[in-house]
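Here is the file target_23.pdb (PDB, C-alpha atoms).
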```pdb
ATOM      1  CA  MET A   1      72.311 112.746  88.754
ATOM      2  CA  ASN A   2      75.202 111.115  86.868
ATOM      3  CA  THR A   3      78.159 112.992  88.343
ATOM      4  CA  ARG A   4      80.611 110.930  86.247
ATOM      5  CA  ASP A   5      79.619 113.076  83.255
ATOM      6  CA  LEU A   6      80.628 116.315  84.977
ATOM      7  CA  PRO A   7      84.111 117.791  84.485
ATOM      8  CA  CYS A   8      86.047 118.103  87.743
ATOM      9  CA  ALA A   9      88.575 120.519  89.201
ATOM     10  CA  LEU A  10      90.356 120.349  92.552
ATOM     11  CA  ILE A  11      92.020 122.955  94.739
ATOM     12  CA  GLY A  12      94.310 121.546  97.422
ATOM     13  CA  ALA A  13      96.394 118.458  96.671
ATOM     14  CA  GLY A  14      96.927 117.219 100.217
ATOM     15  CA  ARG A  15      96.304 113.717 101.549
ATOM     16  CA  ALA A  16      92.497 113.792 101.678
ATOM     17  CA  GLY A  17      92.043 115.721  98.431
ATOM     18  CA  GLY A  18      94.624 113.615  96.638
ATOM     19  CA  ALA A  19      93.068 110.362  97.834
ATOM     20  CA  LEU A  20      89.611 111.514  96.749
ATOM     21  CA  ALA A  21      90.771 112.690  93.322
ATOM     22  CA  ILE A  22      92.615 109.427  92.637
ATOM     23  CA  ALA A  23      89.658 107.352  93.823
ATOM     24  CA  LEU A  24      87.207 109.290  91.664
ATOM     25  CA  HIS A  25      89.573 109.137  88.677
ATOM     26  CA  ASN A  26      89.746 105.351  89.105
ATOM     27  CA  ALA A  27      85.944 105.333  89.242
ATOM     28  CA  GLY A  28      85.698 107.055  85.863
ATOM     29  CA  TYR A  29      85.640 110.773  86.724
ATOM     30  CA  ARG A  30      87.497 113.313  84.561
ATOM     31  CA  PHE A  31      89.707 115.896  86.267
ATOM     32  CA  ASP A  32      90.682 118.810  84.038
ATOM     33  CA  THR A  33      92.520 121.096  86.495
ATOM     34  CA  ILE A  34      94.504 120.694  89.737
ATOM     35  CA  VAL A  35      95.502 123.756  91.765
ATOM     36  CA  SER A  36      97.701 123.619  94.870
ATOM     37  CA  LYS A  37      99.959 125.994  96.803
ATOM     38  CA  ASP A  38     102.801 123.537  96.228
ATOM     39  CA  PRO A  39     103.526 123.244  92.489
ATOM     40  CA  THR A  40     105.152 119.849  92.984
ATOM     41  CA  ASP A  41     102.008 118.491  94.652
ATOM     42  CA  ALA A  42      99.857 119.943  91.880
ATOM     43  CA  GLU A  43     101.960 118.339  89.163
ATOM     44  CA  ARG A  44     102.174 114.985  90.959
ATOM     45  CA  LEU A  45      98.415 114.719  91.434
ATOM     46  CA  ALA A  46      97.664 116.001  87.925
ATOM     47  CA  THR A  47      99.848 113.235  86.524
ATOM     48  CA  LYS A  48      98.001 110.591  88.548
ATOM     49  CA  VAL A  49      94.524 111.750  87.465
ATOM     50  CA  ASP A  50      95.462 112.737  83.881
ATOM     51  CA  ALA A  51      94.544 116.402  84.427
ATOM     52  CA  ARG A  52      95.504 118.614  81.524
ATOM     53  CA  GLN A  53      96.201 121.723  83.612
ATOM     54  CA  TYR A  54      97.889 122.228  86.946
ATOM     55  CA  GLY A  55      99.482 125.050  88.876
ATOM     56  CA  VAL A  56      99.292 127.331  91.906
ATOM     57  CA  ASN A  57      96.927 130.042  90.700
ATOM     58  CA  ILE A  58      93.103 129.959  90.808
ATOM     59  CA  ALA A  59      93.154 132.038  87.619
ATOM     60  CA  LEU A  60      94.215 128.816  85.896
ATOM     61  CA  LEU A  61      90.711 127.405  86.387
ATOM     62  CA  PRO A  62      88.308 127.520  83.453
ATOM     63  CA  PRO A  63      84.685 128.429  84.233
ATOM     64  CA  VAL A  64      83.507 125.471  86.311
ATOM     65  CA  ASN A  65      80.451 123.847  84.755
ATOM     66  CA  GLY A  66      80.753 120.748  86.901
ATOM     67  CA  LEU A  67      82.348 119.755  90.206
ATOM     68  CA  ILE A  68      84.997 121.753  92.025
ATOM     69  CA  PHE A  69      86.512 120.163  95.115
ATOM     70  CA  VAL A  70      87.929 122.629  97.636
ATOM     71  CA  THR A  71      90.121 120.282  99.684
ATOM     72  CA  VAL A  72      92.176 122.805 101.651
ATOM     73  CA  PRO A  73      92.472 123.153 105.472
ATOM     74  CA  ASP A  74      89.298 124.388 107.171
ATOM     75  CA  SER A  75      90.652 127.890 107.754
ATOM     76  CA  GLU A  76      91.316 128.311 104.018
ATOM     77  CA  ILE A  77      87.956 127.135 102.636
ATOM     78  CA  SER A  78      86.193 130.486 102.898
ATOM     79  CA  PRO A  79      89.072 132.546 101.393
ATOM     80  CA  VAL A  80      89.444 130.074  98.531
ATOM     81  CA  ALA A  81      85.691 130.128  97.879
ATOM     82  CA  ASP A  82      85.783 133.939  97.876
ATOM     83  CA  ALA A  83      88.673 133.909  95.389
ATOM     84  CA  ILE A  84      86.842 131.513  93.059
ATOM     85  CA  ALA A  85      83.703 133.645  93.190
ATOM     86  CA  ALA A  86      85.644 136.896  92.627
ATOM     87  CA  ALA A  87      87.553 135.398  89.688
ATOM     88  CA  GLY A  88      84.326 134.711  87.808
ATOM     89  CA  LYS A  89      84.892 130.954  87.644
ATOM     90  CA  ILE A  90      81.313 129.986  88.562
ATOM     91  CA  VAL A  91      78.792 128.990  85.920
ATOM     92  CA  PRO A  92      75.395 129.846  87.462
ATOM     93  CA  ASP A  93      73.275 126.780  88.246
ATOM     94  CA  ALA A  94      76.005 124.487  86.869
ATOM     95  CA  THR A  95      78.872 124.723  89.370
ATOM     96  CA  ILE A  96      78.790 122.321  92.331
ATOM     97  CA  ALA A  97      81.351 123.273  94.988
ATOM     98  CA  VAL A  98      82.384 120.551  97.450
ATOM     99  CA  HIS A  99      84.475 120.740 100.611
ATOM    100  CA  LEU A 100      85.544 117.889 102.911
ATOM    101  CA  SER A 101      85.364 119.549 106.334
ATOM    102  CA  GLY A 102      83.450 117.727 109.049
ATOM    103  CA  ALA A 103      83.104 120.747 111.328
ATOM    104  CA  LEU A 104      82.065 123.364 108.757
ATOM    105  CA  GLY A 105      78.786 123.513 106.861
ATOM    106  CA  SER A 106      78.134 124.220 103.213
ATOM    107  CA  ASP A 107      77.464 127.887 104.046
ATOM    108  CA  ILE A 108      81.210 128.426 104.524
ATOM    109  CA  MET A 109      81.199 128.748 100.706
ATOM    110  CA  LYS A 110      78.334 131.277 100.718
ATOM    111  CA  SER A 111      80.207 133.623  98.358
ATOM    112  CA  MET A 112      79.987 130.900  95.712
ATOM    113  CA  ARG A 113      76.343 130.199  96.557
ATOM    114  CA  GLU A 114      75.601 133.896  96.037
ATOM    115  CA  LYS A 115      76.907 133.442  92.490
ATOM    116  CA  HIS A 116      74.372 130.587  92.050
ATOM    117  CA  ALA A 117      76.690 127.655  92.654
ATOM    118  CA  SER A 118      75.413 124.643  94.583
ATOM    119  CA  THR A 119      77.480 124.011  97.719
ATOM    120  CA  LEU A 120      78.119 120.735  99.525
ATOM    121  CA  ALA A 121      79.833 119.703 102.751
ATOM    122  CA  PHE A 122      81.001 116.132 102.061
ATOM    123  CA  HIS A 123      83.025 114.678 104.910
ATOM    124  CA  PRO A 124      84.459 111.145 104.877
ATOM    125  CA  ALA A 125      84.573 109.086 108.071
ATOM    126  CA  GLN A 126      88.104 107.994 107.248
ATOM    127  CA  THR A 127      91.709 108.856 107.989
ATOM    128  CA  PHE A 128      94.250 109.216 105.205
ATOM    129  CA  ALA A 129      97.870 108.123 105.103
ATOM    130  CA  ALA A 130     100.328 109.133 102.426
ATOM    131  CA  GLY A 131     100.536 107.047  99.262
ATOM    132  CA  ILE A 132      96.873 106.033  98.888
ATOM    133  CA  GLU A 133      96.393 105.172  95.226
ATOM    134  CA  ASP A 134      92.977 103.520  94.887
ATOM    135  CA  ARG A 135      89.364 103.905  95.973
ATOM    136  CA  SER A 136      89.417 101.008  98.442
ATOM    137  CA  VAL A 137      90.045 103.507 101.259
ATOM    138  CA  PHE A 138      86.518 104.838 100.643
ATOM    139  CA  GLU A 139      84.761 101.498 100.233
ATOM    140  CA  ASP A 140      81.970 100.904 102.759
ATOM    141  CA  ILE A 141      82.722 104.086 104.734
ATOM    142  CA  TYR A 142      80.202 106.862 105.406
ATOM    143  CA  PHE A 143      80.160 110.433 104.159
ATOM    144  CA  ASP A 144      78.102 112.900 106.184
ATOM    145  CA  LEU A 145      76.778 115.543 103.858
ATOM    146  CA  GLU A 146      74.857 118.799 103.974
ATOM    147  CA  GLY A 147      73.959 121.331 101.319
ATOM    148  CA  ASP A 148      71.265 122.390  98.899
ATOM    149  CA  GLU A 149      69.162 119.789  97.086
ATOM    150  CA  ARG A 150      71.234 119.612  93.899
ATOM    151  CA  ALA A 151      74.487 119.402  95.835
ATOM    152  CA  CYS A 152      73.168 116.627  98.084
ATOM    153  CA  GLN A 153      72.059 114.672  95.024
ATOM    154  CA  ALA A 154      75.624 114.968  93.760
ATOM    155  CA  GLY A 155      76.922 113.844  97.164
ATOM    156  CA  HIS A 156      74.831 110.680  97.099
ATOM    157  CA  SER A 157      76.047 109.943  93.583
ATOM    158  CA  LEU A 158      79.695 110.521  94.525
ATOM    159  CA  ALA A 159      79.382 108.205  97.531
ATOM    160  CA  GLN A 160      77.718 105.508  95.446
ATOM    161  CA  ASP A 161      80.468 105.656  92.813
ATOM    162  CA  LEU A 162      83.054 105.270  95.585
ATOM    163  CA  HIS A 163      81.168 102.230  96.941
ATOM    164  CA  ALA A 164      80.486 104.235 100.100
ATOM    165  CA  HIS A 165      77.389 105.386 102.009
ATOM    166  CA  ALA A 166      75.984 108.888 102.533
ATOM    167  CA  LEU A 167      74.049 110.434 105.428
ATOM    168  CA  GLU A 168      72.338 113.811 105.054
ATOM    169  CA  MET A 169      72.544 115.717 108.337
ATOM    170  CA  SER A 170      72.027 119.205 109.727
ATOM    171  CA  PRO A 171      75.083 121.403 110.326
ATOM    172  CA  GLU A 172      74.668 120.949 114.091
ATOM    173  CA  GLN A 173      74.459 117.163 113.798
ATOM    174  CA  ARG A 174      77.570 117.089 111.619
ATOM    175  CA  VAL A 175      79.650 118.947 114.232
ATOM    176  CA  LEU A 176      78.686 116.424 116.921
ATOM    177  CA  LEU A 177      79.392 113.513 114.588
ATOM    178  CA  HIS A 178      82.748 115.045 113.699
ATOM    179  CA  ALA A 179      83.591 115.239 117.401
ATOM    180  CA  ALA A 180      82.752 111.527 117.679
ATOM    181  CA  MET A 181      85.085 110.766 114.772
ATOM    182  CA  THR A 182      87.822 112.913 116.321
ATOM    183  CA  VAL A 183      87.647 110.952 119.558
ATOM    184  CA  THR A 184      87.679 107.661 117.626
ATOM    185  CA  SER A 185      90.526 108.432 115.261
ATOM    186  CA  ASN A 186      92.707 111.173 116.718
ATOM    187  CA  TYR A 187      92.491 110.394 120.399
ATOM    188  CA  SER A 188      92.987 106.672 119.961
ATOM    189  CA  ALA A 189      96.367 107.667 118.504
ATOM    190  CA  VAL A 190      96.994 109.881 121.540
ATOM    191  CA  LEU A 191      96.144 107.020 123.928
ATOM    192  CA  LEU A 192      98.499 104.672 122.115
ATOM    193  CA  GLU A 193     101.254 107.295 122.257
ATOM    194  CA  ILE A 194     100.739 107.494 126.031
ATOM    195  CA  ALA A 195     100.761 103.697 126.261
ATOM    196  CA  GLU A 196     104.007 103.463 124.276
ATOM    197  CA  SER A 197     105.596 106.122 126.500
ATOM    198  CA  LEU A 198     104.632 104.206 129.631
ATOM    199  CA  ALA A 199     106.021 101.005 128.134
ATOM    200  CA  ALA A 200     109.231 102.874 127.329
ATOM    201  CA  GLY A 201     109.397 103.794 131.003
ATOM    202  CA  ALA A 202     109.474 100.047 131.711
ATOM    203  CA  ASP A 203     112.537  99.812 129.436
ATOM    204  CA  CYS A 204     110.632  98.322 126.485
ATOM    205  CA  ASP A 205     112.110  99.377 123.151
ATOM    206  CA  ILE A 206     109.615 100.770 120.660
ATOM    207  CA  GLU A 207     109.330  97.627 118.547
ATOM    208  CA  THR A 208     108.746  95.448 121.607
ATOM    209  CA  ALA A 209     106.153  97.925 122.912
ATOM    210  CA  LYS A 210     104.306  97.878 119.592
ATOM    211  CA  ALA A 211     104.399  94.088 119.413
ATOM    212  CA  LEU A 212     103.067  93.902 122.965
ATOM    213  CA  LEU A 213     100.298  96.512 122.571
ATOM    214  CA  ARG A 214      99.148  95.734 119.011
ATOM    215  CA  PRO A 215      97.146  92.540 119.688
ATOM    216  CA  LEU A 216      95.675  94.051 122.852
ATOM    217  CA  ALA A 217      94.532  97.176 121.004
ATOM    218  CA  LYS A 218      93.096  95.215 118.086
ATOM    219  CA  LYS A 219      91.182  92.803 120.317
ATOM    220  CA  SER A 220      89.866  95.594 122.546
ATOM    221  CA  ILE A 221      88.505  97.512 119.551
ATOM    222  CA  ALA A 222      87.033  94.342 118.057
ATOM    223  CA  ASN A 223      85.280  93.552 121.345
ATOM    224  CA  CYS A 224      83.754  97.039 121.419
ATOM    225  CA  PHE A 225      82.170  96.610 118.003
ATOM    226  CA  GLU A 226      81.182  92.978 118.477
ATOM    227  CA  SER A 227      79.135  93.866 121.570
ATOM    228  CA  SER A 228      79.332  97.449 122.891
ATOM    229  CA  PRO A 229      82.025  99.600 124.514
ATOM    230  CA  GLY A 230      80.218  99.359 127.835
ATOM    231  CA  GLN A 231      80.110  95.580 127.754
ATOM    232  CA  ALA A 232      83.685  95.303 126.469
ATOM    233  CA  LEU A 233      85.146  97.483 129.220
ATOM    234  CA  THR A 234      87.593  95.648 131.489
ATOM    235  CA  GLY A 235      90.397  96.673 133.831
ATOM    236  CA  PRO A 236      90.875  98.037 137.327
ATOM    237  CA  ALA A 237      88.302 100.855 137.097
ATOM    238  CA  ALA A 238      85.690  98.407 135.789
ATOM    239  CA  ARG A 239      86.471  96.126 138.757
ATOM    240  CA  GLY A 240      86.765  98.902 141.316
ATOM    241  CA  ASP A 241      90.341  97.873 142.098
ATOM    242  CA  ILE A 242      91.457 100.970 144.003
ATOM    243  CA  GLU A 243      94.869  99.626 145.039
ATOM    244  CA  VAL A 244      95.920  98.915 141.453
ATOM    245  CA  ILE A 245      94.745 102.360 140.362
ATOM    246  CA  GLU A 246      96.753 104.037 143.122
ATOM    247  CA  ARG A 247      99.878 102.132 142.067
ATOM    248  CA  HIS A 248      99.296 103.110 138.440
ATOM    249  CA  LEU A 249      98.913 106.791 139.329
ATOM    250  CA  GLU A 250     102.116 106.805 141.362
ATOM    251  CA  VAL A 251     104.238 105.598 138.449
ATOM    252  CA  ILE A 252     102.370 107.479 135.710
ATOM    253  CA  ASP A 253     102.611 110.837 137.505
ATOM    254  CA  ALA A 254     106.356 110.260 137.866
ATOM    255  CA  ILE A 255     106.657 110.036 134.066
ATOM    256  CA  ASP A 256     104.254 112.812 133.011
ATOM    257  CA  LYS A 257     101.574 114.562 135.029
ATOM    258  CA  ASN A 258      99.485 115.130 131.894
ATOM    259  CA  TYR A 259      99.378 111.366 131.399
ATOM    260  CA  GLY A 260      98.255 111.010 135.003
ATOM    261  CA  ASP A 261      95.512 113.586 134.471
ATOM    262  CA  ALA A 262      94.297 111.737 131.377
ATOM    263  CA  TYR A 263      94.294 108.456 133.318
ATOM    264  CA  ARG A 264      92.236 110.094 136.105
ATOM    265  CA  ILE A 265      89.584 111.507 133.767
ATOM    266  CA  LEU A 266      89.260 108.300 131.746
ATOM    267  CA  GLY A 267      89.179 106.240 134.930
ATOM    268  CA  GLN A 268      86.272 108.254 136.291
ATOM    269  CA  ILE A 269      84.337 107.753 133.056
ATOM    270  CA  ALA A 270      85.179 104.031 133.112
ATOM    271  CA  GLY A 271      83.932 103.808 136.687
ATOM    272  CA  ALA A 272      80.628 105.453 135.758
ATOM    273  CA  ILE A 273      80.191 102.982 132.893
ATOM    274  CA  ALA A 274      80.964 100.061 135.211
ATOM    275  CA  ASN A 275      78.452 101.301 137.778
ATOM    276  CA  LYS A 276      75.789 101.751 135.119
ATOM    277  CA  ARG A 277      76.193  98.162 133.928
ATOM    278  CA  GLY A 278      76.190  96.906 137.529
ATOM    279  CA  SER A 279      79.751  95.616 137.880
ATOM    280  CA  ILE A 280      80.690  98.011 140.719
ATOM    281  CA  SER A 281      78.510  99.469 143.467
ATOM    282  CA  ARG A 282      77.688 103.122 144.037
ATOM    283  CA  GLU A 283      79.920 103.056 147.124
ATOM    284  CA  THR A 284      82.848 101.687 145.114
ATOM    285  CA  LEU A 285      82.229 104.297 142.436
ATOM    286  CA  SER A 286      82.370 107.025 145.096
ATOM    287  CA  GLU A 287      85.677 105.648 146.418
ATOM    288  CA  LEU A 288      87.005 105.418 142.880
ATOM    289  CA  LYS A 289      86.083 109.032 142.161
ATOM    290  CA  ASN A 290      87.770 110.129 145.378
ATOM    291  CA  THR A 291      90.986 108.336 144.389
ATOM    292  CA  LEU A 292      90.951 109.554 140.801
ATOM    293  CA  GLY A 293      89.989 113.064 141.793
ATOM    294  CA  ARG A 294      93.208 113.667 143.695
ATOM    295  CA  PRO A 295      95.620 115.857 141.729
ATOM    296  CA  GLY A 296      98.973 114.411 140.760
ATOM    297  CA  LYS A 297     102.265 115.959 141.819
ATOM    298  CA  GLU A 298     103.787 118.520 139.523
ATOM    299  CA  ASN A 299     106.726 117.269 137.508
ATOM    300  CA  GLY A 300     110.036 118.657 138.573
TER     301      GLY A 300
END
```
Mind converting the file's structure to C-alpha cells?
Amino acid sequence: MNTRDLPCALIGAGRAGGALAIALHNAGYRFDTIVSKDPTDAERLATKVDARQYGVNIALLPPVNGLIFVTVPDSEISPVADAIAAAGKIVPDATIAVHLSGALGSDIMKSMREKHASTLAFHPAQTFAAGIEDRSVFEDIYFDLEGDERACQAGHSLAQDLHAHALEMSPEQRVLLHAAMTVTSNYSAVLLEIAESLAAGADCDIETAKALLRPLAKKSIANCFESSPGQALTGPAARGDIEVIERHLEVIDAIDKNYGDAYRILGQIAGAIANKRGSISRETLSELKNTLGRPGKENG
C-alpha cells in the first residue's frame, strides 16, 4: 500500500500529533484538514503542513477517503471516533482511522469500524518535546501496531516512510509493552527528579546538580544497553552494603518519606537482581530485605 497517495486529516494538534503530522508532511504526505480544540494550535499546525482547512469543529472534515489521525488524549479517542462516525465522514472501505495510544486497542474506534472504516492502533516508542519540526524524531524507533489487515498494511507503510520499524502485536501484548515504555521514559524522569531533590538537600544548586548527575545517568543507561541492566547494576544494594543503605534511608526519609519508600522498593529489587547474578548471598539478600522492609518515619 502506498499511503503517500492518500489524503490525510488530523484531529488533535498536540505534541505527538503535531510531530507526526510534520514528519509525514516532510516525507511527502498531503494533509488537507487539521481540527483541534484550540484554534491557535489548529492554525499553527495547518500552516506547517500546508493544510487548506483548519478549525475546531469535526463538521469541517470532508468525507475521509484516506487517513484520519485521531491524536487526542486516550479518554477522548472513543468520543471523537463516535462523533466522526455520527457526522457521516467515513467513506466505507476507504477510510483508515489511526490513533497513537499505547494502552488502547484499535477497537476503541469501533463506531468507525461499524461504518466500514479500517482502524489502527499505531503507538510510537518515543517521547515528544515541544518544537519538533522534522521526522528525525521517528527515525529508527519502533511503532507497535494492531488493527485489521488493511490498517496494519498502512501502519507498516507509515513506519517505513518515517524510517522507523513496526511490530504487529495483540492488544494484550501492547499494554504490557506500553507499561515497559512508561517505566523507561516516565519513571526515569521521576527518579532524576528525586535525585535532584536529594542533591538540593546537600545544598547543590540545580545547575550543579544537573552537571553532576548528567554524566552518571548517561553512562549508567549506556552500560545497561551495552551489556544488560542486571550486569550493569552497581551500588550498595548490589554489594550488600547494609550500613550505607541505612545511612541513605536516614537522610532520605528526613527529606521526603515517599522518596524513602521508593528507595526501599527499588533497593529490594536491586538486591534480588544482585543475588540472581551471584554478587550477594541469599543470607545477605535476607538481611537487605529486612533493612529495606522497615517503614520510614512519617514526615512532620
Residue neighbourhood range 179-188 of chain A, 8 Å, only C-alpha atoms, exclusion window fewer than 4 positions, as a ChimeraX atom specification: /A:125,127,175,192
Just say which residues the PyMOL selection byres ((chain A and resi 67) around 12) picks in this file, as a PyMOL selection string. chain A and resi 2-11+21+24+29-33+61-66+68-70+89-91+93-99+117-120+150-151+154-155+158
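Counting only C-alpha atoms, the residue from A:Glu226, A:Asp256, A:Glu168, A:Glu43 that sits nearest to Asp148 in chain A is A:Glu168.
Note that CA of Ala232 in chain A and CA of Ala189 in chain A are 19.4 Å apart.
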Have a look at CA of His248 in chain A and CA of Ala274 in chain A and let me know their distance in Å, one decimal.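 If I compute the distance from CA of His248 in chain A to CA of Ala274 in chain A, I get 18.9 Å.
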Pairwise distance for CA of Ala222 in chain A and CA of Ala16 in chain A, rounded to one decimal in Å: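 Rounded to one decimal, the two atoms are 26.0 Å apart.
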For the structure shown, which residues end up in the PyMOL selection byres ((chain A and resi 17) around 12)? Put them as a PDB file with C-alpha atoms, in the coordinates of the input, please?
```pdb
ATOM      1  CA  ALA A   9      88.575 120.519  89.201  1.00  0.00           C
ATOM      2  CA  LEU A  10      90.356 120.349  92.552  1.00  0.00           C
ATOM      3  CA  ILE A  11      92.020 122.955  94.739  1.00  0.00           C
ATOM      4  CA  GLY A  12      94.310 121.546  97.422  1.00  0.00           C
ATOM      5  CA  ALA A  13      96.394 118.458  96.671  1.00  0.00           C
ATOM      6  CA  GLY A  14      96.927 117.219 100.217  1.00  0.00           C
ATOM      7  CA  ARG A  15      96.304 113.717 101.549  1.00  0.00           C
ATOM      8  CA  ALA A  16      92.497 113.792 101.678  1.00  0.00           C
ATOM      9  CA  GLY A  18      94.624 113.615  96.638  1.00  0.00           C
ATOM     10  CA  ALA A  19      93.068 110.362  97.834  1.00  0.00           C
ATOM     11  CA  LEU A  20      89.611 111.514  96.749  1.00  0.00           C
ATOM     12  CA  ALA A  21      90.771 112.690  93.322  1.00  0.00           C
ATOM     13  CA  ILE A  22      92.615 109.427  92.637  1.00  0.00           C
ATOM     14  CA  ALA A  23      89.658 107.352  93.823  1.00  0.00           C
ATOM     15  CA  LEU A  24      87.207 109.290  91.664  1.00  0.00           C
ATOM     16  CA  ILE A  34      94.504 120.694  89.737  1.00  0.00           C
ATOM     17  CA  VAL A  35      95.502 123.756  91.765  1.00  0.00           C
ATOM     18  CA  SER A  36      97.701 123.619  94.870  1.00  0.00           C
ATOM     19  CA  ASP A  41     102.008 118.491  94.652  1.00  0.00           C
ATOM     20  CA  ALA A  42      99.857 119.943  91.880  1.00  0.00           C
ATOM     21  CA  LEU A  45      98.415 114.719  91.434  1.00  0.00           C
ATOM     22  CA  ALA A  46      97.664 116.001  87.925  1.00  0.00           C
ATOM     23  CA  VAL A  49      94.524 111.750  87.465  1.00  0.00           C
ATOM     24  CA  ILE A  68      84.997 121.753  92.025  1.00  0.00           C
ATOM     25  CA  PHE A  69      86.512 120.163  95.115  1.00  0.00           C
ATOM     26  CA  VAL A  70      87.929 122.629  97.636  1.00  0.00           C
ATOM     27  CA  THR A  71      90.121 120.282  99.684  1.00  0.00           C
ATOM     28  CA  VAL A  72      92.176 122.805 101.651  1.00  0.00           C
ATOM     29  CA  PRO A  73      92.472 123.153 105.472  1.00  0.00           C
ATOM     30  CA  VAL A  98      82.384 120.551  97.450  1.00  0.00           C
ATOM     31  CA  HIS A  99      84.475 120.740 100.611  1.00  0.00           C
ATOM     32  CA  LEU A 100      85.544 117.889 102.911  1.00  0.00           C
ATOM     33  CA  SER A 101      85.364 119.549 106.334  1.00  0.00           C
ATOM     34  CA  PHE A 122      81.001 116.132 102.061  1.00  0.00           C
ATOM     35  CA  HIS A 123      83.025 114.678 104.910  1.00  0.00           C
ATOM     36  CA  PRO A 124      84.459 111.145 104.877  1.00  0.00           C
ATOM     37  CA  THR A 127      91.709 108.856 107.989  1.00  0.00           C
ATOM     38  CA  PHE A 128      94.250 109.216 105.205  1.00  0.00           C
ATOM     39  CA  ALA A 129      97.870 108.123 105.103  1.00  0.00           C
ATOM     40  CA  ALA A 130     100.328 109.133 102.426  1.00  0.00           C
ATOM     41  CA  ILE A 132      96.873 106.033  98.888  1.00  0.00           C
ATOM     42  CA  GLU A 133      96.393 105.172  95.226  1.00  0.00           C
TER      43      GLU A 133
END
```
If the PyMOL selection byres ((chain A and resi 215-218) around 12) were run on this exact file, what residues would it hold? Put them as an mmCIF file with C-alpha atoms, keeping the file's coordinate frame.
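As a result, part.cif now contains:
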```cif
data_model
loop_
_atom_site.group_PDB
_atom_site.id
_atom_site.type_symbol
_atom_site.label_atom_id
_atom_site.label_comp_id
_atom_site.auth_asym_id
_atom_site.auth_seq_id
_atom_site.Cartn_x
_atom_site.Cartn_y
_atom_site.Cartn_z
ATOM 1 C CA SER A 188 92.987 106.672 119.961
ATOM 2 C CA ALA A 189 96.367 107.667 118.504
ATOM 3 C CA LEU A 191 96.144 107.020 123.928
ATOM 4 C CA LEU A 192 98.499 104.672 122.115
ATOM 5 C CA ALA A 195 100.761 103.697 126.261
ATOM 6 C CA GLU A 196 104.007 103.463 124.276
ATOM 7 C CA ALA A 209 106.153 97.925 122.912
ATOM 8 C CA LYS A 210 104.306 97.878 119.592
ATOM 9 C CA ALA A 211 104.399 94.088 119.413
ATOM 10 C CA LEU A 212 103.067 93.902 122.965
ATOM 11 C CA LEU A 213 100.298 96.512 122.571
ATOM 12 C CA ARG A 214 99.148 95.734 119.011
ATOM 13 C CA LYS A 219 91.182 92.803 120.317
ATOM 14 C CA SER A 220 89.866 95.594 122.546
ATOM 15 C CA ILE A 221 88.505 97.512 119.551
ATOM 16 C CA ALA A 222 87.033 94.342 118.057
ATOM 17 C CA ASN A 223 85.280 93.552 121.345
ATOM 18 C CA CYS A 224 83.754 97.039 121.419
ATOM 19 C CA PHE A 225 82.170 96.610 118.003
ATOM 20 C CA THR A 234 87.593 95.648 131.489
#
```
Calculate, to one decimal in Å, the centre and edge lengths of the box along x, y and z of the file that holds all listed atoms of range 216-221 of chain A with 6 Å of margin on each side, and present them as AutoDock Vina command-line options.
```
--center_x 92.1 --center_y 95.2 --center_z 120.5 --size_x 19.2 --size_y 16.7 --size_z 16.8
```
